[in-house]
$ cat coords.tsv   # TSV, C-alpha atoms and all ligand atoms
chain	number	residue	atom	x	y	z
A	1	MET	CA	-39.61	-36.03	117.17
A	2	LYS	CA	-39.59	-39.70	118.12
A	3	ARG	CA	-37.68	-42.03	115.80
A	4	SER	CA	-39.69	-44.50	113.88
A	5	GLU	CA	-38.37	-47.98	113.32
A	6	LEU	CA	-38.42	-49.53	109.83
A	7	ILE	CA	-38.91	-53.29	110.09
A	8	PHE	CA	-38.41	-55.35	106.91
A	9	THR	CA	-39.81	-58.85	107.02
A	10	GLU	CA	-41.17	-61.65	104.86
A	11	GLN	CA	-43.91	-62.33	107.39
A	12	ALA	CA	-45.73	-59.40	108.91
A	13	SER	CA	-47.56	-61.59	111.46
A	14	GLU	CA	-44.31	-62.69	113.09
A	15	ALA	CA	-42.79	-59.20	113.03
A	16	PHE	CA	-45.96	-57.63	114.44
A	17	LEU	CA	-46.25	-60.20	117.23
A	18	SER	CA	-42.65	-59.70	118.22
A	19	TYR	CA	-43.13	-55.91	118.07
A	20	CYS	CA	-46.15	-56.18	120.40
A	21	GLN	CA	-44.16	-58.33	122.82
A	22	SER	CA	-41.06	-56.15	122.87
A	23	SER	CA	-43.09	-52.92	123.17
A	24	ARG	CA	-45.40	-54.41	125.82
A	25	ILE	CA	-48.56	-53.80	123.81
A	26	SER	CA	-51.58	-55.25	125.54
A	27	LYS	CA	-54.28	-53.51	123.51
A	28	ALA	CA	-54.40	-52.58	119.85
A	29	ILE	CA	-57.04	-51.46	117.36
A	30	ILE	CA	-56.50	-52.22	113.70
A	31	VAL	CA	-57.71	-49.74	111.06
A	32	VAL	CA	-58.41	-51.40	107.70
A	33	ASP	CA	-60.43	-50.60	104.61
A	34	ASN	CA	-62.86	-53.13	103.12
A	35	HIS	CA	-60.19	-54.56	100.81
A	36	THR	CA	-57.41	-54.87	103.36
A	37	GLN	CA	-59.87	-56.31	105.87
A	38	GLU	CA	-60.56	-59.15	103.46
A	39	LEU	CA	-57.12	-59.64	101.88
A	40	CYS	CA	-54.52	-58.50	104.41
A	41	LEU	CA	-55.98	-58.84	107.91
A	42	PRO	CA	-56.00	-62.68	107.71
A	43	LEU	CA	-52.24	-62.60	107.01
A	44	LEU	CA	-51.65	-60.77	110.30
A	45	ASN	CA	-53.11	-63.78	112.07
A	46	ILE	CA	-53.77	-61.98	115.33
A	47	TYR	CA	-56.95	-60.93	117.01
A	48	PHE	CA	-57.50	-57.29	117.92
A	49	PRO	CA	-60.68	-55.29	117.30
A	50	SER	CA	-60.78	-53.50	113.97
A	51	ILE	CA	-62.29	-50.36	112.50
A	52	VAL	CA	-63.25	-50.72	108.85
A	53	ILE	CA	-63.40	-47.74	106.49
A	54	PRO	CA	-64.51	-47.63	102.86
A	55	PRO	CA	-61.64	-47.89	100.37
A	56	GLY	CA	-60.16	-45.18	98.21
A	57	GLU	CA	-59.33	-41.50	98.02
A	58	THR	CA	-63.00	-40.48	97.74
A	59	TYR	CA	-63.40	-41.48	101.38
A	60	LYS	CA	-60.31	-39.71	102.70
A	61	ASN	CA	-62.53	-37.10	104.30
A	62	LEU	CA	-63.89	-35.72	107.56
A	63	HIS	CA	-66.79	-38.15	107.61
A	64	THR	CA	-64.46	-41.18	107.50
A	65	LEU	CA	-62.14	-39.58	110.06
A	66	GLU	CA	-65.13	-39.18	112.35
A	67	SER	CA	-66.06	-42.83	111.88
A	68	VAL	CA	-62.53	-43.87	112.93
A	69	LEU	CA	-62.73	-41.62	116.00
A	70	ASP	CA	-66.15	-43.14	116.79
A	71	GLY	CA	-64.56	-46.59	116.52
A	72	LEU	CA	-61.83	-45.60	118.97
A	73	VAL	CA	-64.48	-44.49	121.45
A	74	THR	CA	-66.52	-47.67	120.92
A	75	HIS	CA	-63.45	-49.84	121.53
A	76	GLN	CA	-62.53	-47.75	124.57
A	77	ALA	CA	-59.13	-46.74	123.27
A	78	ASP	CA	-56.88	-44.98	125.70
A	79	LYS	CA	-53.38	-43.53	125.57
A	80	ASP	CA	-51.82	-46.98	125.95
A	81	THR	CA	-53.74	-48.46	123.05
A	82	LEU	CA	-51.79	-48.95	119.84
A	83	VAL	CA	-53.47	-47.94	116.58
A	84	VAL	CA	-52.36	-50.22	113.74
A	85	ASN	CA	-52.98	-48.95	110.22
A	86	LEU	CA	-53.12	-51.94	107.91
A	87	GLY	CA	-53.62	-50.63	104.40
A	88	GLY	CA	-52.51	-48.23	101.73
A	89	GLY	CA	-51.83	-44.52	102.07
A	90	VAL	CA	-55.47	-43.65	102.64
A	91	VAL	CA	-55.65	-45.91	105.70
A	92	SER	CA	-52.33	-44.69	107.12
A	93	ASP	CA	-53.18	-41.02	106.47
A	94	ILE	CA	-56.61	-41.24	108.16
A	95	GLY	CA	-55.64	-43.72	110.89
A	96	GLY	CA	-52.51	-41.68	111.65
A	97	PHE	CA	-54.56	-38.47	111.79
A	98	ALA	CA	-57.07	-40.07	114.17
A	99	ALA	CA	-54.21	-41.39	116.34
A	100	SER	CA	-52.65	-37.93	116.47
A	101	ILE	CA	-55.75	-36.14	117.75
A	102	PHE	CA	-57.54	-38.77	119.83
A	103	LYS	CA	-56.93	-37.95	123.49
A	104	ARG	CA	-54.19	-35.58	122.23
A	105	GLY	CA	-52.17	-38.34	120.67
A	106	MET	CA	-51.96	-42.12	120.65
A	107	ARG	CA	-49.18	-44.51	119.67
A	108	TYR	CA	-49.47	-46.01	116.22
A	109	VAL	CA	-47.80	-48.38	113.80
A	110	ASN	CA	-48.19	-48.56	110.03
A	111	ILE	CA	-48.28	-51.86	108.20
A	112	PRO	CA	-48.41	-50.74	104.57
A	113	THR	CA	-50.12	-53.05	102.09
A	114	THR	CA	-49.61	-51.10	98.87
A	115	LEU	CA	-46.29	-50.45	97.19
A	116	LEU	CA	-46.92	-46.71	97.41
A	117	ALA	CA	-47.44	-46.88	101.16
A	118	MET	CA	-44.34	-49.09	101.62
A	119	VAL	CA	-42.02	-46.62	99.91
A	120	ASP	CA	-43.70	-43.38	100.87
A	121	ALA	CA	-47.09	-42.82	102.52
A	122	ALA	CA	-46.55	-44.97	105.62
A	123	ILE	CA	-43.21	-43.33	106.40
A	124	GLY	CA	-42.43	-39.92	107.87
A	125	GLY	CA	-45.45	-39.14	110.04
A	126	LYS	CA	-47.48	-36.85	107.80
A	127	THR	CA	-51.15	-37.61	108.34
A	128	GLY	CA	-54.24	-36.03	106.85
A	129	ILE	CA	-57.44	-35.93	104.89
A	130	ASP	CA	-58.78	-34.07	101.87
A	131	PHE	CA	-61.09	-31.11	102.46
A	132	HIS	CA	-63.25	-29.07	100.07
A	133	SER	CA	-61.74	-30.92	97.08
A	134	TYR	CA	-58.22	-29.95	98.18
A	135	LYS	CA	-55.74	-32.76	98.81
A	136	ASN	CA	-54.44	-33.21	102.36
A	137	TYR	CA	-55.83	-29.84	103.49
A	138	LEU	CA	-56.24	-30.98	107.10
A	139	GLY	CA	-53.53	-32.91	108.85
A	140	THR	CA	-50.85	-33.27	111.48
A	141	PHE	CA	-47.29	-34.48	111.94
A	142	HIS	CA	-47.27	-37.57	114.13
A	143	MET	CA	-44.56	-40.22	113.73
A	144	PRO	CA	-45.55	-43.88	113.70
A	145	GLU	CA	-43.56	-45.87	116.25
A	146	ALA	CA	-42.73	-48.41	113.60
A	147	VAL	CA	-43.43	-49.27	109.99
A	148	ILE	CA	-43.54	-52.99	109.27
A	149	ILE	CA	-42.85	-53.67	105.61
A	150	SER	CA	-43.61	-57.04	104.07
A	151	THR	CA	-43.96	-57.64	100.33
A	152	GLU	CA	-46.30	-60.60	101.01
A	153	PHE	CA	-49.21	-58.12	100.89
A	154	LEU	CA	-48.39	-57.11	97.32
A	155	LYS	CA	-49.54	-60.48	95.92
A	156	THR	CA	-53.16	-59.31	95.91
A	157	LEU	CA	-52.53	-55.70	94.91
A	158	PRO	CA	-54.07	-54.87	91.51
A	159	GLN	CA	-51.48	-54.24	88.77
A	160	PRO	CA	-52.39	-50.53	88.23
A	161	GLU	CA	-51.77	-49.85	91.94
A	162	LEU	CA	-48.38	-51.55	91.74
A	163	GLN	CA	-47.49	-49.63	88.63
A	164	SER	CA	-48.56	-46.20	89.86
A	165	ALA	CA	-46.29	-46.47	92.93
A	166	TRP	CA	-43.26	-46.28	90.67
A	167	ALA	CA	-43.83	-42.52	90.52
A	168	GLU	CA	-42.81	-42.05	94.17
A	169	ILE	CA	-39.88	-44.43	93.79
A	170	ILE	CA	-38.56	-42.56	90.75
A	171	LYS	CA	-39.20	-39.24	92.50
A	172	SER	CA	-36.93	-40.22	95.40
A	173	ALA	CA	-34.25	-41.40	92.98
A	174	VAL	CA	-34.39	-38.21	90.92
A	175	ILE	CA	-34.20	-35.66	93.71
A	176	GLY	CA	-31.77	-37.36	96.06
A	177	ASN	CA	-30.54	-40.83	95.30
A	178	LYS	CA	-28.52	-41.49	92.15
A	179	ASP	CA	-27.77	-45.07	93.26
A	180	LEU	CA	-31.49	-45.77	93.39
A	181	PHE	CA	-31.91	-44.23	89.92
A	182	GLN	CA	-29.29	-46.66	88.61
A	183	MET	CA	-30.81	-49.59	90.53
A	184	ILE	CA	-34.12	-48.93	88.77
A	185	GLU	CA	-32.43	-48.65	85.39
A	186	LYS	CA	-30.69	-51.97	86.03
A	187	HIS	CA	-33.92	-53.69	87.15
A	188	ALA	CA	-32.94	-54.41	90.78
A	189	THR	CA	-35.42	-56.63	92.65
A	190	LEU	CA	-38.55	-55.02	94.08
A	191	SER	CA	-37.45	-55.80	97.65
A	192	GLU	CA	-34.14	-54.01	97.07
A	193	VAL	CA	-35.92	-51.02	95.57
A	194	ILE	CA	-38.42	-50.86	98.45
A	195	ALA	CA	-35.65	-51.05	101.06
A	196	ALA	CA	-33.62	-48.27	99.38
A	197	THR	CA	-36.61	-45.98	98.78
A	198	SER	CA	-38.17	-46.34	102.22
A	199	ALA	CA	-34.81	-45.80	103.95
A	200	PHE	CA	-34.24	-42.69	101.85
A	201	LYS	CA	-37.64	-41.26	102.80
A	202	GLN	CA	-37.02	-42.06	106.46
A	203	LYS	CA	-33.65	-40.30	106.37
A	204	ILE	CA	-35.07	-37.13	104.80
A	205	CYS	CA	-37.99	-37.03	107.27
A	206	GLU	CA	-35.67	-37.42	110.22
A	207	MET	CA	-33.57	-34.51	108.98
A	208	ASP	CA	-36.64	-32.28	108.60
A	209	PHE	CA	-39.72	-33.70	110.32
A	210	LYS	CA	-41.88	-30.58	110.01
A	211	ASP	CA	-41.29	-30.05	106.29
A	212	GLU	CA	-39.47	-26.76	106.77
A	213	ASN	CA	-36.56	-27.33	104.41
A	214	ILE	CA	-35.02	-30.43	102.87
A	215	ARG	CA	-38.18	-32.57	103.13
A	216	GLN	CA	-39.69	-30.25	100.55
A	217	LEU	CA	-37.51	-32.02	97.96
A	218	LEU	CA	-40.05	-34.84	98.18
A	219	ASN	CA	-42.59	-32.51	96.58
A	220	PHE	CA	-41.00	-32.96	93.15
A	221	GLY	CA	-43.89	-33.73	90.78
A	222	HIS	CA	-46.43	-33.00	93.52
A	223	THR	CA	-47.14	-29.32	92.84
A	224	ILE	CA	-48.63	-30.15	89.47
A	225	GLY	CA	-49.55	-33.67	90.59
A	226	HIS	CA	-51.67	-32.54	93.56
A	227	ALA	CA	-53.39	-29.84	91.51
A	228	TYR	CA	-54.22	-32.46	88.89
A	229	GLU	CA	-55.48	-34.87	91.56
A	230	SER	CA	-57.64	-32.12	93.13
A	231	TYR	CA	-59.04	-31.19	89.73
A	232	ARG	CA	-59.93	-34.84	88.99
A	233	LEU	CA	-61.53	-35.21	92.45
A	234	SER	CA	-63.63	-32.11	91.79
A	235	ILE	CA	-65.09	-33.64	88.60
A	236	ASP	CA	-65.72	-36.99	90.32
A	237	HIS	CA	-63.07	-38.74	88.26
A	238	PRO	CA	-60.37	-39.44	90.83
A	239	VAL	CA	-57.00	-40.44	89.46
A	240	MET	CA	-54.42	-42.62	91.17
A	241	HIS	CA	-51.99	-40.53	93.21
A	242	GLY	CA	-48.95	-42.05	91.49
A	243	MET	CA	-50.30	-41.42	88.01
A	244	ALA	CA	-50.91	-37.76	88.93
A	245	VAL	CA	-47.39	-37.46	90.35
A	246	ALA	CA	-45.89	-39.06	87.24
A	247	LYS	CA	-47.69	-36.47	85.09
A	248	GLY	CA	-46.45	-33.80	87.47
A	249	MET	CA	-42.84	-35.04	87.30
A	250	VAL	CA	-42.80	-35.05	83.51
A	251	TYR	CA	-44.15	-31.47	83.47
A	252	GLU	CA	-41.84	-30.28	86.25
A	253	ALA	CA	-38.69	-31.91	84.78
A	254	ARG	CA	-39.36	-30.01	81.56
A	255	LEU	CA	-40.02	-26.85	83.61
A	256	ALA	CA	-36.62	-27.27	85.32
A	257	GLU	CA	-35.09	-27.60	81.87
A	258	ARG	CA	-36.85	-24.42	80.65
A	259	LEU	CA	-35.64	-22.55	83.75
A	260	GLY	CA	-32.06	-23.61	82.99
A	261	LEU	CA	-31.79	-25.70	86.18
A	262	LEU	CA	-31.61	-29.10	84.51
A	263	SER	CA	-29.78	-30.20	81.37
A	264	SER	CA	-31.86	-31.44	78.44
A	265	LYS	CA	-30.00	-34.76	78.66
A	266	ASP	CA	-30.99	-35.31	82.32
A	267	ALA	CA	-34.57	-34.13	81.68
A	268	SER	CA	-34.85	-36.74	78.93
A	269	LEU	CA	-33.30	-39.45	81.16
A	270	ILE	CA	-35.85	-38.65	83.89
A	271	CYS	CA	-38.85	-38.62	81.53
A	272	GLY	CA	-37.50	-41.79	79.88
A	273	LEU	CA	-37.29	-43.66	83.21
A	274	ILE	CA	-40.82	-42.54	84.15
A	275	ASN	CA	-42.18	-43.71	80.82
A	276	SER	CA	-40.34	-47.03	81.08
A	277	LYS	CA	-42.32	-47.83	84.23
A	278	MET	CA	-45.66	-46.09	83.63
A	279	GLN	CA	-47.74	-44.93	80.72
A	280	VAL	CA	-47.93	-41.15	81.16
A	281	ASP	CA	-50.10	-38.97	78.93
A	282	GLU	CA	-49.01	-35.35	78.79
A	283	LEU	CA	-51.37	-32.73	80.20
A	284	SER	CA	-53.81	-31.31	77.65
A	285	GLU	CA	-54.31	-27.51	77.33
A	286	GLU	CA	-57.81	-27.90	78.76
A	287	GLU	CA	-56.66	-29.91	81.79
A	288	PHE	CA	-53.85	-27.46	82.41
A	289	GLY	CA	-56.25	-24.50	82.37
A	290	GLU	CA	-58.46	-26.26	84.93
A	291	LEU	CA	-55.69	-27.28	87.26
A	292	LYS	CA	-54.26	-23.74	87.43
A	293	ARG	CA	-57.32	-22.93	89.55
A	294	PHE	CA	-56.24	-25.58	92.05
A	295	LEU	CA	-52.62	-24.44	92.00
A	296	SER	CA	-53.69	-21.12	93.52
A	297	GLY	CA	-55.44	-22.96	96.37
A	298	ASP	CA	-52.44	-25.17	97.18
A	299	LYS	CA	-51.22	-24.50	100.72
A	300	LYS	CA	-47.60	-24.34	99.48
A	301	ASN	CA	-48.27	-21.37	97.18
A	302	SER	CA	-48.81	-17.69	97.83
A	303	GLU	CA	-49.10	-14.25	96.22
A	304	GLY	CA	-49.40	-15.40	92.63
A	305	PHE	CA	-46.28	-17.56	92.85
A	306	ILE	CA	-46.24	-21.30	92.63
A	307	VAL	CA	-43.51	-23.04	94.61
A	308	PHE	CA	-41.75	-26.02	93.07
A	309	SER	CA	-39.18	-28.61	94.10
A	310	LEU	CA	-37.20	-29.40	90.98
A	311	PRO	CA	-34.38	-31.69	89.87
A	312	VAL	CA	-31.05	-30.10	89.03
A	313	GLY	CA	-29.37	-33.36	88.03
A	314	ILE	CA	-29.83	-37.10	88.47
A	315	GLY	CA	-30.03	-37.65	92.24
A	316	GLN	CA	-29.97	-33.93	93.01
A	317	GLY	CA	-32.79	-31.49	93.63
A	318	THR	CA	-33.60	-28.03	94.86
A	319	TYR	CA	-36.68	-26.66	96.60
A	320	GLY	CA	-38.45	-23.33	97.03
A	321	VAL	CA	-38.30	-22.42	93.33
A	322	LYS	CA	-40.96	-19.73	92.79
A	323	VAL	CA	-42.59	-19.36	89.40
A	324	GLY	CA	-45.32	-16.81	88.61
A	325	ILE	CA	-48.59	-18.57	87.86
A	326	GLY	CA	-48.87	-16.55	84.64
A	327	ASP	CA	-45.48	-17.90	83.51
A	328	LEU	CA	-46.61	-21.49	83.62
A	329	LYS	CA	-47.50	-22.92	80.26
A	330	ILE	CA	-47.84	-26.22	78.51
A	401	LIG	N1	-48.56	-39.18	104.35
A	401	LIG	C1	-47.70	-39.19	103.37
A	401	LIG	O1	-46.51	-38.87	103.54
A	401	LIG	C2	-48.15	-39.61	102.00
A	401	LIG	C3	-47.21	-39.77	100.97
A	401	LIG	C4	-47.67	-40.21	99.73
A	401	LIG	C5	-49.02	-40.47	99.54
A	401	LIG	N2	-49.91	-40.28	100.54
A	401	LIG	C6	-51.33	-40.52	100.36
A	401	LIG	O2	-51.51	-41.92	100.10
A	401	LIG	C7	-52.73	-42.08	99.39
A	401	LIG	C8	-52.53	-43.08	98.28
A	401	LIG	O3	-52.13	-44.30	98.85
A	401	LIG	P1	-52.36	-45.70	98.08
A	401	LIG	O4	-51.93	-45.57	96.67
A	401	LIG	O5	-51.77	-46.74	98.93
A	401	LIG	O6	-53.95	-45.78	97.98
A	401	LIG	P2	-55.09	-46.53	98.82
A	401	LIG	O7	-54.81	-46.58	100.24
A	401	LIG	O8	-56.36	-45.93	98.36
A	401	LIG	O9	-55.01	-48.02	98.25
A	401	LIG	C9	-55.31	-48.27	96.90
A	401	LIG	C10	-56.32	-49.40	96.73
A	401	LIG	O10	-55.69	-50.64	96.98
A	401	LIG	C11	-56.43	-51.39	97.93
A	401	LIG	N3	-55.48	-52.22	98.62
A	401	LIG	C12	-54.60	-51.84	99.57
A	401	LIG	N4	-53.77	-52.87	99.86
A	401	LIG	C13	-54.16	-53.90	99.11
A	401	LIG	C14	-53.69	-55.24	98.95
A	401	LIG	N5	-52.61	-55.68	99.59
A	401	LIG	N6	-54.33	-56.06	98.09
A	401	LIG	C15	-55.40	-55.59	97.39
A	401	LIG	N7	-55.89	-54.35	97.47
A	401	LIG	C16	-55.26	-53.52	98.32
A	401	LIG	C17	-57.13	-50.35	98.76
A	401	LIG	O11	-58.25	-50.87	99.41
A	401	LIG	C18	-57.50	-49.32	97.70
A	401	LIG	O12	-58.66	-49.73	97.03
A	401	LIG	C19	-53.13	-40.70	98.88
A	401	LIG	O13	-54.22	-40.25	99.64
A	401	LIG	C20	-51.91	-39.84	99.15
A	401	LIG	O14	-52.24	-38.50	99.41
A	401	LIG	C21	-49.49	-39.87	101.76
$ encode --input "coords.tsv" --output "structure tokens"
Amino acid sequence: MKRSELIFTEQASEAFLSYCQSSRISKAIIVVDNHTQELCLPLLNIYFPSIVIPPGETYKNLHTLESVLDGLVTHQADKDTLVVNLGGGVVSDIGGFAASIFKRGMRYVNIPTTLLAMVDAAIGGKTGIDFHSYKNYLGTFHMPEAVIISTEFLKTLPQPELQSAWAEIIKSAVIGNKDLFQMIEKHATLSEVIAATSAFKQKICEMDFKDENIRQLLNFGHTIGHAYESYRLSIDHPVMHGMAVAKGMVYEARLAERLGLLSSKDASLICGLINSKMQVDELSEEEFGELKRFLSGDKKNSEGFIVFSLPVGIGQGTYGVKVGIGDLKI
């Protein structure tokens, strides 16, 4: 696994230019969605050809992947061309996937423009698309060479997008970083929180690039969260990833408590912190019944067992906890 450099800056244009110079980049292709093309590309202040995809999770599919690959052919990309993903997690997941398979692998850099991508999606080299209503069913591991993080992009990000990203920040704090948990409680600045969360994700991914052990901690909230997201995709009512994960974390923290892994006090602290940052409605019986169908299809689960990563304290987690699907209840 190649290391990926985290670059924190106040001005992405300067950092990107200097990255291109120091890495001897002569040709780059920028992947954007319609929103980041309009709002973020001008801030980069550099001219390279771009490939524009439609925005949002609905388009994180094979068809869009194909359009990115078509764009790479049109712009005559070769193995020395740098793919630059300028956008949220959808852009970095699809652009990273395209970079990983085009000509058996191209170099790429992520410049995240959403809070969620800055603290999570752009880091760690997991790429992918949704398939047959299942989240991230197709994908690869392919590390970006660098991730350039600048909060200047967040000025135009809609409030719900900003808010939903807190789920991934709190997740990192809960399963592995007590200091971060306390920083959030004490209202540290957003830049401090981004730096701590992204560095934590980077560290975990370097320890376990292929998601074979400790990286699975990052799945806290995602077993239920992904199933909920898949269910909402299937009824054409997509939900924001972070909101689904927040719902998942509340359910899974209480599950850890029921299993005797987490004290009631810590479960309440975790749910309290989530609710202080985001408005989370509990799952209804009907929703839960529907999403059980998607739990069985999740690639992490097998033979009637659902696999969870759960908190065992504040800043401590465990992974590989198997629970029979019949034992799951509201
Ligand atoms: N690969 C990973 O490790 C990983 C980790 C977590 C999440 N993800 C994936 O990330 C995706 C979610 O990412 P996301 O929340 O960034 O969603 P997103 O990429 O869909 O972006 C959300 C919306 O914000 C818009 N936008 C982006 N930047 C903007 C800006 N600066 N100003 C205004 N609008 C802007 C986008 O166009 C889009 O409409 C999911 O598909 C999830 O599966 C991947």
$ residues_near_ligand --input "coords.tsv" --ligand "ligand LIG 401 (chain A)" --cutoff "6 Å" --atoms "all atoms listed in the file" --output "list of chain:residue names"
A:Asp33, A:His35, A:Thr36, A:Leu39, A:Cys40, A:Pro55, A:Gly56, A:Glu57, A:Gly87, A:Gly88, A:Gly89, A:Val90, A:Val91, A:Asp93, A:Thr113, A:Thr114, A:Leu116, A:Ala117, A:Asp120, A:Ala121, A:Lys126, A:Thr127, A:Phe153, A:Leu154, A:Thr156, A:Leu157, A:His241
$ closest_residue --input "coords.tsv" --among "A:Ile270, A:Met207, A:Leu310, A:Leu65" --to "Thr223 (chain A)" --atoms "only C-alpha atoms"
A:Leu310
$ closest_residue --input "coords.tsv" --among "A:Gly315, A:Gly124, A:Val174, A:Val245" --to "Lys201 (chain A)" --atoms "only C-alpha atoms"
A:Gly124
$ residues_around --input "coords.tsv" --residues "Thr64 (chain A)" --least-positions-apart "6" --cutoff "9 Å" --atoms "all atoms listed in the file" --output "mmCIF file with C-alpha atoms, keeping the file's coordinate frame"
data_model
loop_
_atom_site.group_PDB
_atom_site.id
_atom_site.type_symbol
_atom_site.label_atom_id
_atom_site.label_comp_id
_atom_site.auth_asym_id
_atom_site.auth_seq_id
_atom_site.Cartn_x
_atom_site.Cartn_y
_atom_site.Cartn_z
ATOM 1 C CA ILE A 53 -63.400 -47.740 106.490
ATOM 2 C CA PRO A 54 -64.510 -47.630 102.860
ATOM 3 C CA ILE A 94 -56.610 -41.240 108.160
#
$ closest_atom_pairs --input "coords.tsv" --of "region 32-149 of chain A" --to "region 209-214 of chain A" --cutoff "10 Å" --atoms "all atoms listed in the file" --output "CSV"
residue,atom,partner,partner_atom,distance
A:Gly124,CA,A:Phe209,CA,7.2
A:Gly125,CA,A:Phe209,CA,7.9
A:Lys126,CA,A:Lys210,CA,8.7
A:Thr140,CA,A:Lys210,CA,9.5
A:Phe141,CA,A:Lys210,CA,6.9
A:His142,CA,A:Phe209,CA,9.3
A:Met143,CA,A:Phe209,CA,8.8
$ closest_residue --input "coords.tsv" --among "A:Asn45, A:Ser100, A:Ser264, A:Gln316" --to "Leu217 (chain A)" --atoms "all atoms listed in the file"
A:Gln316
$ closest_residue --input "coords.tsv" --among "A:Glu168, A:Glu38, A:Asp78, A:Glu290" --to "Gly248 (chain A)" --atoms "all atoms listed in the file"
A:Glu168
$ residues_around --input "coords.tsv" --residues "Glu192 (chain A)" --least-positions-apart "5" --cutoff "10 Å" --atoms "all atoms listed in the file" --output "list in words"
Leu180, Met183, Ile184, His187 and Thr197 of chain A
$ closest_atom_pairs --input "coords.tsv" --of "region 123-146 of chain A" --to "region 83-86 of chain A" --cutoff "12 Å" --atoms "all atoms listed in the file" --output "tab-separated table"
residue	atom	partner	partner_atom	distance
A:Ile123	CA	A:Asn85	CA	11.9
A:Thr127	CA	A:Asn85	CA	11.6
A:Pro144	CA	A:Val84	CA	9.3
A:Glu145	CA	A:Val83	CA	10.1
A:Ala146	CA	A:Val84	CA	9.8
$ closest_residue --input "coords.tsv" --among "A:Ile30, A:Ile314, A:Leu6, A:Leu17" --to "Asn177 (chain A)" --atoms "all atoms listed in the file"
A:Ile314
$ atom_distance --input "coords.tsv" --atom1 "CA of Glu303 (chain A)" --atom2 "CA of Gly289 (chain A)"
18.7 Å
